[in-house]
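Here the structure comes first, spelled out in structure tokens, and everything after it is commentary.
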Amino acid sequence: MTDTIFEIFLQAPPGLESLLADEAREKGFDAPAAVPGGVTTRGGWEEVWRANLELRGAGRVLVRIGGFMAFHLAQLDKRARKFAWGEVLRPGETVRVDVVCRRSKIYHAGAAKQRIETALEAFGVVIAQGGEEADDTDASAIAIKVRIEDNEVLFSLDSSGAPLHRRGTKQFVGKAPMRETLAALFLRACGYDGREPVYDPMCGSGTFVLEAAGIAAGVAPCLSRPFAFERLASFDAARWAQMRDGAASAVATDLRFTGSDRDAGAVSGANANAERAGLGSVASFRHAAVSDAAPPEGPPGLVIVNPPYGGRIGNKKLLYGLHGALGETLRRNFRGWRVGIVTSEPGLARATGLPVTPWGPSVPHGGLKITLFTAPPIG
């Protein structure tokens with residue numbers, strides 16, 4: 001394995017880049033800087049592996065593997081064939097190429113893609129079929145992202161494979177699920193650092209509670225899944241096993257992470273998810289209506305919830321009533337607890353009657369724009 005230092009790009013939802021930069025800084029990555037759409041840092045392959053394994057807020061980890069200047073397609077073809085693919089790729093692997101052209105003499109992305117694919121085939125890899133960029137569910141091909149900007153051709157490699165919100169432990173997924181990466185960043189936005197309990201009164205598949213419990217227990221989020229980097233020429237299985245073993249040692253915590261939901265199936269699925277994640281001893285879920293939500297014994301902490309929102313106009317009245325009932329329950333049963341509410345409708349957050357304020361900008365999620373609203377400890 002080479003000791004080459006790369007520029008590493010950590011993807012984040014637009015508007016939440018600073019939160020991921022804070023997480024990367026806490027985890028000891030080199031000078032992380034928030035930029036539009038993510039965070040830049042630098043490091044070798046082991047830092048790439050560790051970013052995939054340990055960072056809860058990163059959606060993908062991209063590695064800038066090199067580049068060159070090219071002013072026309074023949075030059076692109078020649079230089080792509082001479083590029084040191086063997087330092088990164090193994091012959092026989094399947095690769096997908098995505099190209100973007102901006103302000104360059106090479107302006108046709110399709111023609112550029114064809115030249116680069118031909119060079120890769122000459123090296124000995126298999127080009128993925130299907131043309132357009134594959135769906136999130138397709139992790140079978142190693143993705144190479146090519147940006148041709150101001151006549152500079154830059155190659156980046158997606159080291160993650162499947163997006164990192166797929167932790168590899170969750171079999172049950174509820175309706176309108178919150179992505180684990182987004183949940184982790186919203187927890188951070190609420191000031192959560194693993195030293196207080198967390199409760200979700202509409203827990204669904206348990207995402208907020210399980211992310212919080214994992215943070216408190218010191219369990220790396222992606223211990224149970226494969227990555228694209230394991231199929232690269234730079235991969236060292238022995239060093240990776242050592243890194244994973246080090247990340248698997250959990251820290252004991254006396255805190256309890258709980259949730260409830262009116263859907264008994266969701267509660268059963270959430271408890272199964274907790275067991276698969278190795279968090280069954282600290283995270284649990286029970287069947288209860290919002291009006292029956294109650295905190296565990298112990299100190300106050302954070303209530304964080306992703307209630308139903310949007311939907312048909314005819315449902316709006318019901319949603320306002322639900323949020324009103326949520327606020328009433330929290331005021332009655334959760335004195336001293338801080339609150340985080342995720343919604344696409346500011347009016348719904350205010351319908352709780354709590355002194356909520358928006359944290360940061362709206363974030364794209366499931367075809368909607370959602371915002372985190374926070375409230376100080378309930379008096």
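Every chain in the structure tokens takes a letter, A first, then B, and so on in the order presented; its residues are numbered from 1, and the ligands are numbered from 1 following the presented order.
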**Message:** Considering only strand (DSSP E or B) as DSSP defines it on the backbone, what residues of range 151-358 of chain A qualify? List them as a ChimeraX atom specification.
**Reply:** /A:152-158,198-200,257-261,283-287,302-305,338-343,357-358
For Val305 in chain A, find every residue with an atom within 7 Å (counting only C-alpha atoms), except residues of its own chain fewer than 5 positions away, and show them as a compact mmCIF listing (two decimals) with N, CA and C atoms, in the first residue's frame.
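Final output, saved to out_11.txt:
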# COMPACT_ATOMS: atom_id res chain seq x y z
N ASP A 200 -37.30 9.31 21.54
CA ASP A 200 -38.05 9.65 20.33
C ASP A 200 -39.46 9.09 20.46
N PRO A 201 -40.48 9.96 20.62
CA PRO A 201 -41.84 9.49 20.83
C PRO A 201 -42.57 9.03 19.55
N MET A 202 -41.92 9.17 18.40
CA MET A 202 -42.47 8.64 17.14
C MET A 202 -41.31 7.96 16.42
N GLY A 340 -35.82 18.59 19.81
CA GLY A 340 -35.53 18.80 18.40
C GLY A 340 -36.68 18.22 17.58
N ILE A 341 -37.23 18.99 16.67
CA ILE A 341 -38.34 18.55 15.82
C ILE A 341 -37.96 18.79 14.36
N VAL A 342 -38.07 17.74 13.56
CA VAL A 342 -37.77 17.84 12.12
C VAL A 342 -39.09 17.91 11.36
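Among the candidate residues A:Ala293, A:Leu348, A:Cys203, A:Ala220, the one lying nearest to Leu319 in chain A is A:Leu348, with distances computed using only C-alpha atoms.
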- Item | Sel. of alpha helix (DSSP H) residues, range 141-338 of chain A, as a ChimeraX atom specification | /A:180-189,207-217,237-247,264-276,316-333
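When the distance limit is 6 Å and only C-alpha atoms are what count, the residues near Trp337 in chain A, minus those fewer than 4 positions from it on the same chain, are A:Pro300, A:Gly301, A:Leu302, A:Pro377, A:Ile378.
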Convert the current residue selection to file output with all heavy atoms, as a PDB file, in the first residue's frame.
ATOM      1  N   PRO A 300     -32.505  14.265  32.711  1.00  0.00           N
ATOM      2  CA  PRO A 300     -33.123  14.707  31.454  1.00  0.00           C
ATOM      3  C   PRO A 300     -32.089  14.727  30.339  1.00  0.00           C
ATOM      4  O   PRO A 300     -30.882  14.732  30.587  1.00  0.00           O
ATOM      5  CB  PRO A 300     -33.621  16.118  31.781  1.00  0.00           C
ATOM      6  CG  PRO A 300     -32.733  16.582  32.884  1.00  0.00           C
ATOM      7  CD  PRO A 300     -32.370  15.362  33.679  1.00  0.00           C
ATOM      8  N   GLY A 301     -32.583  14.772  29.114  1.00  0.00           N
ATOM      9  CA  GLY A 301     -31.676  14.788  27.967  1.00  0.00           C
ATOM     10  C   GLY A 301     -32.326  15.466  26.783  1.00  0.00           C
ATOM     11  O   GLY A 301     -32.836  16.588  26.892  1.00  0.00           O
ATOM     12  N   LEU A 302     -32.356  14.756  25.660  1.00  0.00           N
ATOM     13  CA  LEU A 302     -32.856  15.311  24.409  1.00  0.00           C
ATOM     14  C   LEU A 302     -34.013  14.473  23.877  1.00  0.00           C
ATOM     15  O   LEU A 302     -33.876  13.253  23.728  1.00  0.00           O
ATOM     16  CB  LEU A 302     -31.725  15.333  23.370  1.00  0.00           C
ATOM     17  CG  LEU A 302     -32.108  15.714  21.934  1.00  0.00           C
ATOM     18  CD1 LEU A 302     -32.522  17.186  21.849  1.00  0.00           C
ATOM     19  CD2 LEU A 302     -30.961  15.413  20.969  1.00  0.00           C
ATOM     20  N   PRO A 377     -34.522  23.586  27.222  1.00  0.00           N
ATOM     21  CA  PRO A 377     -35.122  22.696  28.217  1.00  0.00           C
ATOM     22  C   PRO A 377     -36.517  23.165  28.649  1.00  0.00           C
ATOM     23  O   PRO A 377     -36.738  24.362  28.888  1.00  0.00           O
ATOM     24  CB  PRO A 377     -34.139  22.761  29.387  1.00  0.00           C
ATOM     25  CG  PRO A 377     -32.823  23.050  28.735  1.00  0.00           C
ATOM     26  CD  PRO A 377     -33.150  23.955  27.589  1.00  0.00           C
ATOM     27  N   ILE A 378     -37.438  22.217  28.708  1.00  0.00           N
ATOM     28  CA  ILE A 378     -38.832  22.537  29.054  1.00  0.00           C
ATOM     29  C   ILE A 378     -38.908  22.863  30.546  1.00  0.00           C
ATOM     30  O   ILE A 378     -38.458  22.119  31.392  1.00  0.00           O
ATOM     31  CB  ILE A 378     -39.737  21.340  28.713  1.00  0.00           C
ATOM     32  CG1 ILE A 378     -39.706  21.089  27.201  1.00  0.00           C
ATOM     33  CG2 ILE A 378     -41.180  21.587  29.172  1.00  0.00           C
ATOM     34  CD1 ILE A 378     -40.343  19.784  26.764  1.00  0.00           C
TER      35      ILE A 378
END
Using only C-alpha atoms, what does the table of range 47-105 of chain A residues within 12 Å of range 179-184 of chain A look like, with each row giving the shortest atom pair and its distance in Å to one decimal, sorted by chain and ascending number, as CSV?
residue,atom,partner,partner_atom,distance
A:Asn52,CA,A:Thr181,CA,11.7
A:Glu54,CA,A:Thr181,CA,11.4
A:Leu55,CA,A:Thr181,CA,8.8
A:Arg56,CA,A:Thr181,CA,5.6
A:Gly57,CA,A:Thr181,CA,4.5
A:Ala58,CA,A:Thr181,CA,6.3
A:Gly59,CA,A:Thr181,CA,6.4
A:Arg60,CA,A:Thr181,CA,9.9
Which residues are close to Asp22 in chain A, i.e. within 12 Å by only C-alpha atoms, leaving aside same-chain residues fewer than 6 positions away? Reply as a ChimeraX atom specification.
/A:16,28-34,38-41,55-58,185,188-189,191,193
Within 9 Å of range 350-356 of chain A, counting only C-alpha atoms, which residues show up once you throw out same-chain ones fewer than 6 positions away? Write them as a compact mmCIF listing (two decimals) with N, CA and C atoms, in the first residue's frame, please.
# COMPACT_ATOMS: atom_id res chain seq x y z
N TYR A 320 -51.80 19.07 12.51
CA TYR A 320 -51.71 20.14 13.52
C TYR A 320 -52.16 19.63 14.89
N GLY A 321 -53.20 18.78 14.89
CA GLY A 321 -53.66 18.20 16.14
C GLY A 321 -52.62 17.28 16.75
N LEU A 322 -51.95 16.50 15.90
CA LEU A 322 -50.91 15.58 16.37
C LEU A 322 -49.74 16.35 16.99
N HIS A 323 -49.32 17.42 16.33
CA HIS A 323 -48.21 18.22 16.87
C HIS A 323 -48.62 18.92 18.16
N GLY A 324 -49.87 19.36 18.24
CA GLY A 324 -50.36 19.95 19.48
C GLY A 324 -50.32 18.95 20.63
N ALA A 325 -50.73 17.70 20.34
CA ALA A 325 -50.70 16.65 21.37
C ALA A 325 -49.27 16.33 21.77
N LEU A 326 -48.36 16.35 20.81
CA LEU A 326 -46.95 16.11 21.11
C LEU A 326 -46.43 17.16 22.07
N GLY A 327 -46.70 18.44 21.76
CA GLY A 327 -46.23 19.52 22.63
C GLY A 327 -46.80 19.41 24.03
N GLU A 328 -48.07 19.05 24.12
CA GLU A 328 -48.73 18.91 25.43
C GLU A 328 -48.07 17.81 26.25
N LEU A 330 -45.01 16.60 25.93
CA LEU A 330 -43.65 16.97 26.30
C LEU A 330 -43.64 17.94 27.48
N ARG A 331 -44.57 18.91 27.46
CA ARG A 331 -44.63 19.86 28.59
C ARG A 331 -45.02 19.15 29.89
N VAL A 339 -35.51 19.83 23.14
CA VAL A 339 -36.34 19.24 22.09
C VAL A 339 -35.79 19.58 20.70
N GLY A 340 -35.82 18.59 19.81
CA GLY A 340 -35.53 18.80 18.40
C GLY A 340 -36.68 18.22 17.58
N ILE A 341 -37.23 18.99 16.67
CA ILE A 341 -38.34 18.55 15.82
C ILE A 341 -37.96 18.79 14.36
N PHE A 373 -36.03 22.16 13.97
CA PHE A 373 -36.40 23.19 14.95
C PHE A 373 -35.98 22.71 16.32
N THR A 374 -35.41 23.60 17.11
CA THR A 374 -34.96 23.22 18.46
C THR A 374 -35.67 24.08 19.50
N ALA A 375 -35.80 23.52 20.69
CA ALA A 375 -36.38 24.24 21.83
C ALA A 375 -35.51 23.99 23.06
N PRO A 376 -35.35 25.01 23.92
CA PRO A 376 -34.52 24.86 25.12
C PRO A 376 -35.21 23.94 26.13
N ILE A 378 -37.44 22.22 28.71
CA ILE A 378 -38.83 22.54 29.05
C ILE A 378 -38.91 22.86 30.55
Could you give me, as CSV, every range 59-173 of chain A residue with an atom at most 6 Å from range 231-243 of chain A, plus its closest atom pair and distance in Å to one decimal, counting only C-alpha atoms, rows ordered by chain then number?
residue,atom,partner,partner_atom,distance
A:Val88,CA,A:Ala233,CA,5.0
A:Leu89,CA,A:Ala233,CA,5.1
A:Arg90,CA,A:Ala233,CA,5.3
CA of Phe155 in chain A to CA of Gly168 in chain A measures 28.2 Å
